[in-house]
Amino acid sequence: MKLSQYHNSLITIEFTDKKEPVSGFLLNYSEDWILLKSNPSDFIVDGYVIVANKNIEGVYRDENEIFTEQVIRLKSLLPSISKKIPLENTKAMFEFLNNEYGLFSFSKKSNSAIYPGKLIAIDESQITLLWIDLKGKWGENRVFKLDKIRQIEFDNDYLTSLKLASENLYN
């Protein structure tokens, strides 16, 4: 898979296990991770997604992606990220996301569950999050195996809303 040809272009990533495809503007990649400015639907960009570079069946860019990209560019919603995310080191990547954004979420194989929170601890095999619920209330610590994480999302409307709720509705 030669990703360099798609830099700053809208692409779609499909998975071998039929996990929901992910679309976005390719911003950066490493051996383990792919960073996209997220295009969750239609002509919308909302936050960022980092996709684990495993279980990928293919990356493509066809007429739909080309047209959608053109419309997004006409709307002046050009993708960018202000600081380089250390995709080469998973621990450093999570620490960066936690320090820069204060809240992120990830998903495992299933698209039906996301795990939003902030970093408490991380080592070579697991991550501990302070969980935030759907109303923006902080809960208990939860531990997850790093090798099960498939996607990480940050700086999107949903997470920004949870963060605002936690900071303003419960203090």
# chains A, B, ... in the order shown; residues from 1 in each chain; ligands from 1

call {"tool": "residues_around", "arguments": {"residues": "A:Ser107", "least_positions_apart": "6", "cutoff": "10 Å", "atoms": "only C-alpha atoms", "output": "JSON, numbers by chain"}}
result
{"A": [51, 113, 114, 115, 116, 148, 149, 150, 151, 152, 153]}

call {"tool": "select_by_dssp", "arguments": {"residues": "stretch 3-170 of chain A", "states": "alpha helix (DSSP H)", "output": "PyMOL selection string"}}
result
chain A and resi 63-74+90-101+157-168

call {"tool": "select_by_dssp", "arguments": {"residues": "chain A", "states": "strand (DSSP E)", "output": "MDAnalysis selection string"}}
result
chainID A and resid 10:15 22:29 33:38 48:52 56:60 104:107 115:122 126:132 138:145 151:154

call {"tool": "closest_residue", "arguments": {"among": "A:Ser80, A:Asn141, A:Ser30, A:Ser9", "to": "A:Leu129", "atoms": "only C-alpha atoms"}}
result
A:Asn141

call {"tool": "closest_residue", "arguments": {"among": "A:Pro40, A:Gly117, A:Gly139, A:Gly102", "to": "A:Gly24", "atoms": "only C-alpha atoms"}}
result
A:Pro40

call {"tool": "closest_residue", "arguments": {"among": "A:Lys118, A:Lys2, A:Lys84, A:Lys137", "to": "A:Leu103", "atoms": "only C-alpha atoms"}}
result
A:Lys118

call {"tool": "residues_around", "arguments": {"residues": "A:Tyr170", "least_positions_apart": "6", "cutoff": "12 Å", "atoms": "only C-alpha atoms", "output": "short mmCIF file (atom, residue, chain, number, x, y, z; two decimals) with C-alpha atoms, in the first residue's frame"}}
result
data_model
loop_
_atom_site.label_atom_id
_atom_site.label_comp_id
_atom_site.auth_asym_id
_atom_site.auth_seq_id
_atom_site.Cartn_x
_atom_site.Cartn_y
_atom_site.Cartn_z
CA LYS A 135 -23.30 13.33 29.67
CA GLY A 136 -19.77 14.59 30.29
CA LYS A 137 -19.42 13.18 33.81
CA TRP A 138 -16.06 11.69 34.76
CA LEU A 162 -18.33 16.30 26.26
CA LYS A 163 -15.31 18.29 27.39
CA LEU A 164 -17.35 21.52 27.58
#

call {"tool": "residues_around", "arguments": {"residues": "A:Lys19", "least_positions_apart": "4", "cutoff": "9 Å", "atoms": "only C-alpha atoms", "output": "list in words"}}
result
Glu14, Phe15, Lys109, Ser110 and Asn111 of chain A

call {"tool": "atom_distance", "arguments": {"atom1": "atom CA of A:His7", "atom2": "atom CA of A:Pro79"}}
result
10.8 Å

call {"tool": "residues_around", "arguments": {"residues": "A:Arg61", "least_positions_apart": "3", "cutoff": "10 Å", "atoms": "only C-alpha atoms", "output": "MDAnalysis selection string"}}
result
chainID A and resid 6 9:13 23 64:66

call {"tool": "residues_around", "arguments": {"residues": "A:Thr128", "least_positions_apart": "2", "cutoff": "10 Å", "atoms": "only C-alpha atoms", "output": "number ranges by chain"}}
result
A: 117-123, 126, 130-131, 141-146

call {"tool": "write_last_selection", "arguments": {"atoms": "N, CA, C and O atoms", "output": "PDB file, in the first residue's frame"}}
result
ATOM      1  N   GLY A 117     -12.188   9.350  26.986  1.00  0.00           N
ATOM      2  CA  GLY A 117     -11.595   9.648  28.277  1.00  0.00           C
ATOM      3  C   GLY A 117     -10.290  10.386  28.129  1.00  0.00           C
ATOM      4  O   GLY A 117      -9.940  10.872  27.051  1.00  0.00           O
ATOM      5  N   LYS A 118      -9.595  10.470  29.256  1.00  0.00           N
ATOM      6  CA  LYS A 118      -8.262  11.062  29.229  1.00  0.00           C
ATOM      7  C   LYS A 118      -7.281  10.068  29.832  1.00  0.00           C
ATOM      8  O   LYS A 118      -7.643   9.209  30.639  1.00  0.00           O
ATOM      9  N   LEU A 119      -6.052  10.199  29.413  1.00  0.00           N
ATOM     10  CA  LEU A 119      -5.005   9.264  29.778  1.00  0.00           C
ATOM     11  C   LEU A 119      -4.650   9.364  31.258  1.00  0.00           C
ATOM     12  O   LEU A 119      -4.398  10.446  31.772  1.00  0.00           O
ATOM     13  N   ILE A 120      -4.614   8.204  31.898  1.00  0.00           N
ATOM     14  CA  ILE A 120      -4.137   8.101  33.273  1.00  0.00           C
ATOM     15  C   ILE A 120      -2.753   7.459  33.280  1.00  0.00           C
ATOM     16  O   ILE A 120      -1.833   7.936  33.920  1.00  0.00           O
ATOM     17  N   ALA A 121      -2.607   6.361  32.515  1.00  0.00           N
ATOM     18  CA  ALA A 121      -1.321   5.658  32.446  1.00  0.00           C
ATOM     19  C   ALA A 121      -1.263   4.862  31.147  1.00  0.00           C
ATOM     20  O   ALA A 121      -2.293   4.493  30.582  1.00  0.00           O
ATOM     21  N   ILE A 122      -0.027   4.597  30.709  1.00  0.00           N
ATOM     22  CA  ILE A 122       0.174   3.783  29.513  1.00  0.00           C
ATOM     23  C   ILE A 122       1.527   3.088  29.629  1.00  0.00           C
ATOM     24  O   ILE A 122       2.485   3.654  30.149  1.00  0.00           O
ATOM     25  N   ASP A 123       1.572   1.828  29.191  1.00  0.00           N
ATOM     26  CA  ASP A 123       2.843   1.121  29.097  1.00  0.00           C
ATOM     27  C   ASP A 123       2.871   0.382  27.765  1.00  0.00           C
ATOM     28  O   ASP A 123       2.067   0.677  26.880  1.00  0.00           O
ATOM     29  N   GLN A 126      -0.764  -1.847  27.704  1.00  0.00           N
ATOM     30  CA  GLN A 126      -2.109  -1.397  28.060  1.00  0.00           C
ATOM     31  C   GLN A 126      -2.173   0.101  28.333  1.00  0.00           C
ATOM     32  O   GLN A 126      -1.163   0.743  28.584  1.00  0.00           O
ATOM     33  N   LEU A 130      -9.281   7.611  32.281  1.00  0.00           N
ATOM     34  CA  LEU A 130     -10.342   8.099  33.150  1.00  0.00           C
ATOM     35  C   LEU A 130     -11.534   8.268  32.226  1.00  0.00           C
ATOM     36  O   LEU A 130     -11.514   9.092  31.307  1.00  0.00           O
ATOM     37  N   TRP A 131     -12.527   7.440  32.418  1.00  0.00           N
ATOM     38  CA  TRP A 131     -13.699   7.360  31.562  1.00  0.00           C
ATOM     39  C   TRP A 131     -14.565   8.607  31.706  1.00  0.00           C
ATOM     40  O   TRP A 131     -14.746   9.122  32.800  1.00  0.00           O
ATOM     41  N   ASN A 141     -11.679   4.656  36.361  1.00  0.00           N
ATOM     42  CA  ASN A 141     -10.573   4.298  35.467  1.00  0.00           C
ATOM     43  C   ASN A 141     -10.910   2.983  34.775  1.00  0.00           C
ATOM     44  O   ASN A 141     -11.472   2.078  35.393  1.00  0.00           O
ATOM     45  N   ARG A 142     -10.550   2.906  33.490  1.00  0.00           N
ATOM     46  CA  ARG A 142     -10.759   1.685  32.722  1.00  0.00           C
ATOM     47  C   ARG A 142      -9.467   1.328  32.012  1.00  0.00           C
ATOM     48  O   ARG A 142      -8.776   2.202  31.510  1.00  0.00           O
ATOM     49  N   VAL A 143      -9.170   0.038  31.965  1.00  0.00           N
ATOM     50  CA  VAL A 143      -7.922  -0.448  31.376  1.00  0.00           C
ATOM     51  C   VAL A 143      -8.240  -1.214  30.083  1.00  0.00           C
ATOM     52  O   VAL A 143      -9.172  -2.014  30.051  1.00  0.00           O
ATOM     53  N   PHE A 144      -7.429  -0.949  29.047  1.00  0.00           N
ATOM     54  CA  PHE A 144      -7.609  -1.590  27.747  1.00  0.00           C
ATOM     55  C   PHE A 144      -6.260  -2.069  27.220  1.00  0.00           C
ATOM     56  O   PHE A 144      -5.236  -1.446  27.480  1.00  0.00           O
ATOM     57  N   LYS A 145      -6.290  -3.139  26.452  1.00  0.00           N
ATOM     58  CA  LYS A 145      -5.082  -3.635  25.792  1.00  0.00           C
ATOM     59  C   LYS A 145      -4.816  -2.784  24.555  1.00  0.00           C
ATOM     60  O   LYS A 145      -5.718  -2.566  23.743  1.00  0.00           O
ATOM     61  N   LEU A 146      -3.586  -2.303  24.415  1.00  0.00           N
ATOM     62  CA  LEU A 146      -3.234  -1.441  23.282  1.00  0.00           C
ATOM     63  C   LEU A 146      -3.411  -2.140  21.939  1.00  0.00           C
ATOM     64  O   LEU A 146      -3.837  -1.509  20.967  1.00  0.00           O
TER      65      LEU A 146
END

call {"tool": "atom_distance", "arguments": {"atom1": "atom CA of A:Asn168", "atom2": "atom CA of A:Glu95"}}
result
24.4 Å

call {"tool": "atom_distance", "arguments": {"atom1": "atom CA of A:Leu36", "atom2": "atom CA of A:Val59"}}
result
12.3 Å

call {"tool": "closest_residue", "arguments": {"among": "A:Ala165, A:Ile127, A:Leu3, A:Leu74", "to": "A:Thr90", "atoms": "only C-alpha atoms"}}
result
A:Ile127

call {"tool": "residues_around", "arguments": {"residues": "A:Thr68", "least_positions_apart": "5", "cutoff": "9 Å", "atoms": "only C-alpha atoms", "output": "list in words"}}
result
Leu10, Asp42, Phe43, Glu63 and Arg73 of chain A

call {"tool": "closest_residue", "arguments": {"among": "A:Asp17, A:Glu140, A:Glu124, A:Asp147", "to": "A:Ala52", "atoms": "only C-alpha atoms"}}
result
A:Asp147
